[in-house]
Amino acid sequence: MYSMHDGANISVHQEIAQRLNPKTCVEIGAYYGGITYKLCKLLPQSHFFAIQAYHDHKLNHMPDTPRGEYSVGSAEGSIDPDLKDKDWKRSVVRHFPKEYHDYFDFNLLVKTFQDTDNVSILLDTSPLKYDWKLGFDLAIFDVSPLFEENVKQFNYWCKYGNNSSHILMGAYTHQEEFYQYVDKRYKAEKIRDDYVLVCI
């Protein structure tokens, strides 16, 4: 299946998943589920939760539109300044078939997991408005280019990890800042240029 990280950072997720071998993995901000799909095939004995917001203002749409989140602009053109040089639309154009180059389509998200039996799709906006009672061994975030938003996500999810669980945060525009934030309380590790792995 397809991911914005194909040919690039998807190997980070695979490397961490193989290293930790989580029994339960949660991906927050699944988009069309490409990361979760690849990991569920890599670790068939594990169970995965792919969490994707369903409110239109939280969705990523490919057309140049004020609808959704970070949807203004076009691939290789002007994009939301919060994204800096992280042009997600360019990645979709490069790695996804044309049927994905439109407004977000939940049918395509469901289609991703038709041949899997170890994935649950959860349509909700994180941070959740209730306690996550299923725990996790690895939580993967690919949610926001904003430090403040990723801190909010981290502070919700860090309460629900199993013993020696990990959070892999995509801190695309603020790796050092996020690392310094979590390293005061937890054991943290910078992974390549964009990620922070935190043992909670």
# chains A, B, ... in the order shown; residues from 1 in each chain; ligands from 1
>>> closest_atom_pairs(of="region 61-126 of chain A", to="region 172-187 of chain A", cutoff="8 Å", atoms="only C-alpha atoms", output="JSON lines")
{"residue": "A:Leu83", "atom": "CA", "partner": "A:Thr173", "partner_atom": "CA", "distance": 7.5}
{"residue": "A:Lys84", "atom": "CA", "partner": "A:Thr173", "partner_atom": "CA", "distance": 7.3}
{"residue": "A:Lys86", "atom": "CA", "partner": "A:Tyr172", "partner_atom": "CA", "distance": 7.5}
>>> residues_around(residues="Gly135 (chain A)", least_positions_apart="3", cutoff="6 Å", atoms="only C-alpha atoms", output="PyMOL selection string")
chain A and resi 160-162
>>> residues_around(residues="region 118-130 of chain A", least_positions_apart="5", cutoff="7 Å", atoms="only C-alpha atoms", output="list in words")
Cys40, Pro44, Ser46, His47, Phe48, Phe49, Ala50, Ile51, Gln52, Ala53, Tyr54, Gln153 and Tyr156 of chain A
>>> write_last_selection(atoms="C-alpha atoms", output="PDB file, in the first residue's frame")
ATOM      1  CA  CYS A  40       1.183  -5.365   9.926  1.00  0.00           C
ATOM      2  CA  PRO A  44       1.745 -10.620  11.503  1.00  0.00           C
ATOM      3  CA  SER A  46       1.028  -8.134  16.342  1.00  0.00           C
ATOM      4  CA  HIS A  47      -2.206  -6.146  16.405  1.00  0.00           C
ATOM      5  CA  PHE A  48      -2.416  -2.650  14.949  1.00  0.00           C
ATOM      6  CA  PHE A  49      -4.801   0.240  15.449  1.00  0.00           C
ATOM      7  CA  ALA A  50      -4.905   2.832  12.661  1.00  0.00           C
ATOM      8  CA  ILE A  51      -6.436   6.033  14.013  1.00  0.00           C
ATOM      9  CA  GLN A  52      -7.647   8.610  11.503  1.00  0.00           C
ATOM     10  CA  ALA A  53      -9.637  11.783  12.179  1.00  0.00           C
ATOM     11  CA  TYR A  54     -12.958  12.011  10.354  1.00  0.00           C
ATOM     12  CA  GLN A 153      -0.465  14.370  21.572  1.00  0.00           C
ATOM     13  CA  TYR A 156      -2.192  12.300  26.208  1.00  0.00           C
TER      14      TYR A 156
END
>>> select_by_dssp(residues="region 47-196 of chain A", states="helix (DSSP H, G or I)", output="number ranges by chain")
A: 56-58, 81-83, 88-95, 98-100, 106-112, 147-157, 175-183
>>> residues_around(residues="Val93 (chain A)", least_positions_apart="6", cutoff="9 Å", atoms="only C-alpha atoms", output="list in words")
Ala75, Tyr100 and His101 of chain A
>>> write_last_selection(atoms="C-alpha atoms", output="tab-separated table (two decimals), in the first residue's frame")
chain	number	residue	atom	x	y	z
A	75	ALA	CA	2.53	19.92	-4.87
A	100	TYR	CA	-5.69	9.35	-4.28
A	101	HIS	CA	-5.11	12.84	-5.73
>>> closest_residue(among="A:Met62, A:Val12, A:Leu42, A:Val196", to="Asp105 (chain A)", atoms="only C-alpha atoms")
A:Met62
>>> select_by_dssp(residues="region 27-198 of chain A", states="strand (DSSP E)", output="count of residues only")
31
>>> residues_around(residues="Ile140 (chain A)", least_positions_apart="3", cutoff="9 Å", atoms="only C-alpha atoms", output="count of residues only")
11
>>> atom_distance(atom1="CA of Ala17 (chain A)", atom2="CA of Leu138 (chain A)")
7.9 Å
>>> closest_residue(among="A:Gly33, A:Tyr70, A:Asp56, A:Val198", to="Leu108 (chain A)", atoms="only C-alpha atoms")
A:Gly33
>>> decode(residues="region 22-37 of chain A", atoms="C-alpha atoms", output="tab-separated table (two decimals), in the first residue's frame")
chain	number	residue	atom	x	y	z
A	22	PRO	CA	5.46	-4.62	19.67
A	23	LYS	CA	2.45	-6.81	20.41
A	24	THR	CA	0.14	-3.80	20.13
A	25	CYS	CA	0.90	-0.84	17.88
A	26	VAL	CA	-1.12	2.34	17.42
A	27	GLU	CA	-0.61	4.72	14.50
A	28	ILE	CA	-2.08	8.17	15.14
A	29	GLY	CA	-2.70	10.06	11.91
A	30	ALA	CA	-2.97	7.07	9.59
A	31	TYR	CA	-3.99	8.96	6.41
A	32	TYR	CA	-4.54	6.05	3.98
A	33	GLY	CA	-2.87	3.52	6.28
A	34	GLY	CA	0.32	2.83	4.33
A	35	ILE	CA	2.63	2.70	7.34
A	36	THR	CA	0.31	0.48	9.36
A	37	TYR	CA	-0.22	-1.79	6.35
